[in-house]
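In what follows, a structure is listed as structure tokens, so that the remarks can point back to it.
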Amino acid sequence: MNLFEEGLKFNLSELVELLIQVGLKVLVLLIGYAIVKPLGRKAIETAINRLSTQRKLSEGRNKTLQKLSVNIFSYALIFILVMMLFSAVGIEIGPLLAGAGIVGLAIGFGAQGLVSDIVTGFFILLERQVEVDDYVTAGGYDGIVEEVGIRTTRIRSFDGTLNFIPNRNISGVANHSRGNMRALVDIGIGYDENIDEAMAVLQKVAQDFQQDERFKEGPDVLGVQSLGSSDVVIRILGKTENMEQWAVERDLRKAMKEALDAAGIEIPFPHQVYVHKNEE
């Protein structure tokens with residue numbers, strides 16, 4: 001194809017033909033990408049769901065594998081698309097890949113953090129330290145894991161903030177979603193009240209909650225926990241299902257407050273005493 005006629009005279013028809021050919025190739029590639037991406041995503045999710053059913057994987061593990069596999073598939077698909085677009089516009093891929101290898105080697109010496117992210121992410125996944133929907137403390141953040149990637153981990157804080165944590169910054173993980181959780185409630189009564197009577201009232205409430213399916217063990221009244229400045233603190237403790245501890249503690253406090261009120265047992269509140277000195 002000759003874009004120039006007689007020296008520097010521009011051949012417009014040849015240019016239009018070239019643009020049409022390249023444009024059609026690019027359009028076909030983009031349409032193919034738009035079709036393959038959702039189909040591949042669906043195929044991956046179906047395959048992992050089948051694998052989870054066969055091997056009886058947890059829901060969190062299932063979501064973790066799905067998100068990770070879809071991310072890897074997306075990266076690979078974008079790389080293939082870019083290479084095919086270069087080929088469509090007439091750029092030789094071979095020399096480009098060779099040059100990219102040399103540049104990549106040079107950049108690699110300054111990208112140790114990225115390598116560390118990937119290696120750490122690999123071991124986090126391999127050792128199953130965290131999974132999607134787990135409540136964890138990691139990298140200085142508290143919250144629910146939304147995604148575990150090969151480079152970053154996403155944790156949603158309880159105020160709604162989404163935190164992107166490079167895997168290399170996760171030096172330790174506190175996973176609060178493995179096993180039963182502890183529900184702990186401290187109730188204060190006045191010093192003038194009968195401690196045994198108060199404990200009996202609270203134990204009756206605790207026994208009613210033992211029928212609550214959210215509890216795996218207890219709750220029980222442990223006894224006097226501490227002597228405060230204006231109250232005697234009684235502790236109630238039980239074990240609950242994962243992520244149910246906060247709701248259970250709220251319900252316990254409400255029920256115990258109502259029971260103590262009904263029994264006429266005072267729950268003290270801060271008092272202020274003013275001393276006025278008359279000068280004669």
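Labeling convention for the structure tokens: chains A, B, ... as they appear, residues from 1 per chain, ligands from 1 in order of appearance.
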
Out of stretch 115-197 of chain A, which residues get helix (DSSP H, G or I) from DSSP, as an mmCIF file with N, CA and C atoms, in the first residue's frame?
```
data_model
loop_
_atom_site.group_PDB
_atom_site.id
_atom_site.type_symbol
_atom_site.label_atom_id
_atom_site.label_comp_id
_atom_site.auth_asym_id
_atom_site.auth_seq_id
_atom_site.Cartn_x
_atom_site.Cartn_y
_atom_site.Cartn_z
ATOM 1 N N VAL A 115 7.171 -7.148 43.994
ATOM 2 C CA VAL A 115 7.488 -8.584 44.139
ATOM 3 C C VAL A 115 7.136 -9.060 45.537
ATOM 4 N N SER A 116 7.444 -8.238 46.555
ATOM 5 C CA SER A 116 7.123 -8.590 47.934
ATOM 6 C C SER A 116 5.618 -8.717 48.132
ATOM 7 N N ASP A 117 4.847 -7.817 47.494
ATOM 8 C CA ASP A 117 3.382 -7.892 47.574
ATOM 9 C C ASP A 117 2.883 -9.233 47.045
ATOM 10 N N ILE A 118 3.398 -9.620 45.882
ATOM 11 C CA ILE A 118 2.931 -10.850 45.235
ATOM 12 C C ILE A 118 3.305 -12.077 46.048
ATOM 13 N N VAL A 119 4.554 -12.112 46.536
ATOM 14 C CA VAL A 119 5.002 -13.271 47.327
ATOM 15 C C VAL A 119 4.199 -13.379 48.617
ATOM 16 N N THR A 120 4.019 -12.244 49.317
ATOM 17 C CA THR A 120 3.245 -12.261 50.557
ATOM 18 C C THR A 120 1.802 -12.649 50.298
ATOM 19 N N GLY A 121 1.213 -12.114 49.228
ATOM 20 C CA GLY A 121 -0.157 -12.474 48.879
ATOM 21 C C GLY A 121 -0.307 -13.947 48.592
ATOM 22 N N PHE A 122 0.712 -14.526 47.936
ATOM 23 C CA PHE A 122 0.669 -15.958 47.640
ATOM 24 C C PHE A 122 0.609 -16.774 48.933
ATOM 25 N N PHE A 123 1.426 -16.419 49.926
ATOM 26 C CA PHE A 123 1.440 -17.185 51.171
ATOM 27 C C PHE A 123 0.189 -16.930 52.001
ATOM 28 N N ILE A 124 -0.370 -15.720 51.937
ATOM 29 C CA ILE A 124 -1.629 -15.457 52.630
ATOM 30 C C ILE A 124 -2.731 -16.364 52.102
ATOM 31 N N LEU A 125 -2.756 -16.529 50.768
ATOM 32 C CA LEU A 125 -3.752 -17.404 50.155
ATOM 33 C C LEU A 125 -3.458 -18.873 50.439
ATOM 34 N N LEU A 126 -2.180 -19.250 50.338
ATOM 35 C CA LEU A 126 -1.807 -20.649 50.542
ATOM 36 C C LEU A 126 -2.098 -21.103 51.966
ATOM 37 N N ASN A 167 0.025 -6.080 50.226
ATOM 38 C CA ASN A 167 0.249 -7.308 50.991
ATOM 39 C C ASN A 167 1.536 -7.279 51.805
ATOM 40 N N ARG A 168 2.549 -6.545 51.334
ATOM 41 C CA ARG A 168 3.808 -6.508 52.073
ATOM 42 C C ARG A 168 3.657 -5.806 53.421
ATOM 43 N N ASN A 169 2.597 -5.005 53.577
ATOM 44 C CA ASN A 169 2.359 -4.309 54.844
ATOM 45 C C ASN A 169 1.617 -5.167 55.858
ATOM 46 N N ILE A 195 -25.744 -8.071 96.686
ATOM 47 C CA ILE A 195 -25.025 -8.639 95.539
ATOM 48 C C ILE A 195 -25.607 -9.986 95.149
ATOM 49 N N ASP A 196 -25.899 -10.852 96.128
ATOM 50 C CA ASP A 196 -26.425 -12.189 95.815
ATOM 51 C C ASP A 196 -27.768 -12.099 95.106
ATOM 52 N N GLU A 197 -28.601 -11.167 95.550
ATOM 53 C CA GLU A 197 -29.908 -10.996 94.909
ATOM 54 C C GLU A 197 -29.728 -10.519 93.462
#
```

Open item on the list: Just want the 12 Å neighbourhood of A:Leu30, counted on only C-alpha atoms, with same-chain residues fewer than 6 positions away dropped. Output as a PyMOL selection string.
Closed with: chain A and resi 23-24+36-37+77-78+80-82+84-85+88

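Across the model, the gap from atom CA of A:Glu241 to atom CA of A:Ala259 is 24.9 Å.
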
TODO: From stretch 107-252 of chain A, collect each residue whose DSSP state is strand (DSSP E or B) and return the set as a ChimeraX atom specification.
DONE: /A:135-138,141-148,152-156,162-166,173-175,181-189,215-227,232-240

Open item on the list: Env of A:Asp212: 10 Å cut, atoms = only C-alpha atoms, seq-sep filter 5 positions within chain, self excluded. Answer as a PyMOL selection string.
Closed with: chain A and resi 207+218-219+240+248

Task: Residue contacts of stretch 231-235 of chain A (12 Å, only C-alpha atoms) excluding same-chain residues fewer than 3 positions away, as a PyMOL selection string - done: chain A and resi 183-203+206+219-228+238+249+252-253+256+265-271

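As for atom CA of A:Ile236 and atom CA of A:Lys204, they are spaced 11.7 Å apart.
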
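Atom pair atom CA of A:Ala47 / atom CA of A:Asn62: separated by 10.6 Å.
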
Open item on the list: From the options A:Gly140, A:Gly264, A:Gly149, A:Gly32, which residue's atoms come nearest to A:Asn71, counting only C-alpha atoms?
Closed with: A:Gly149
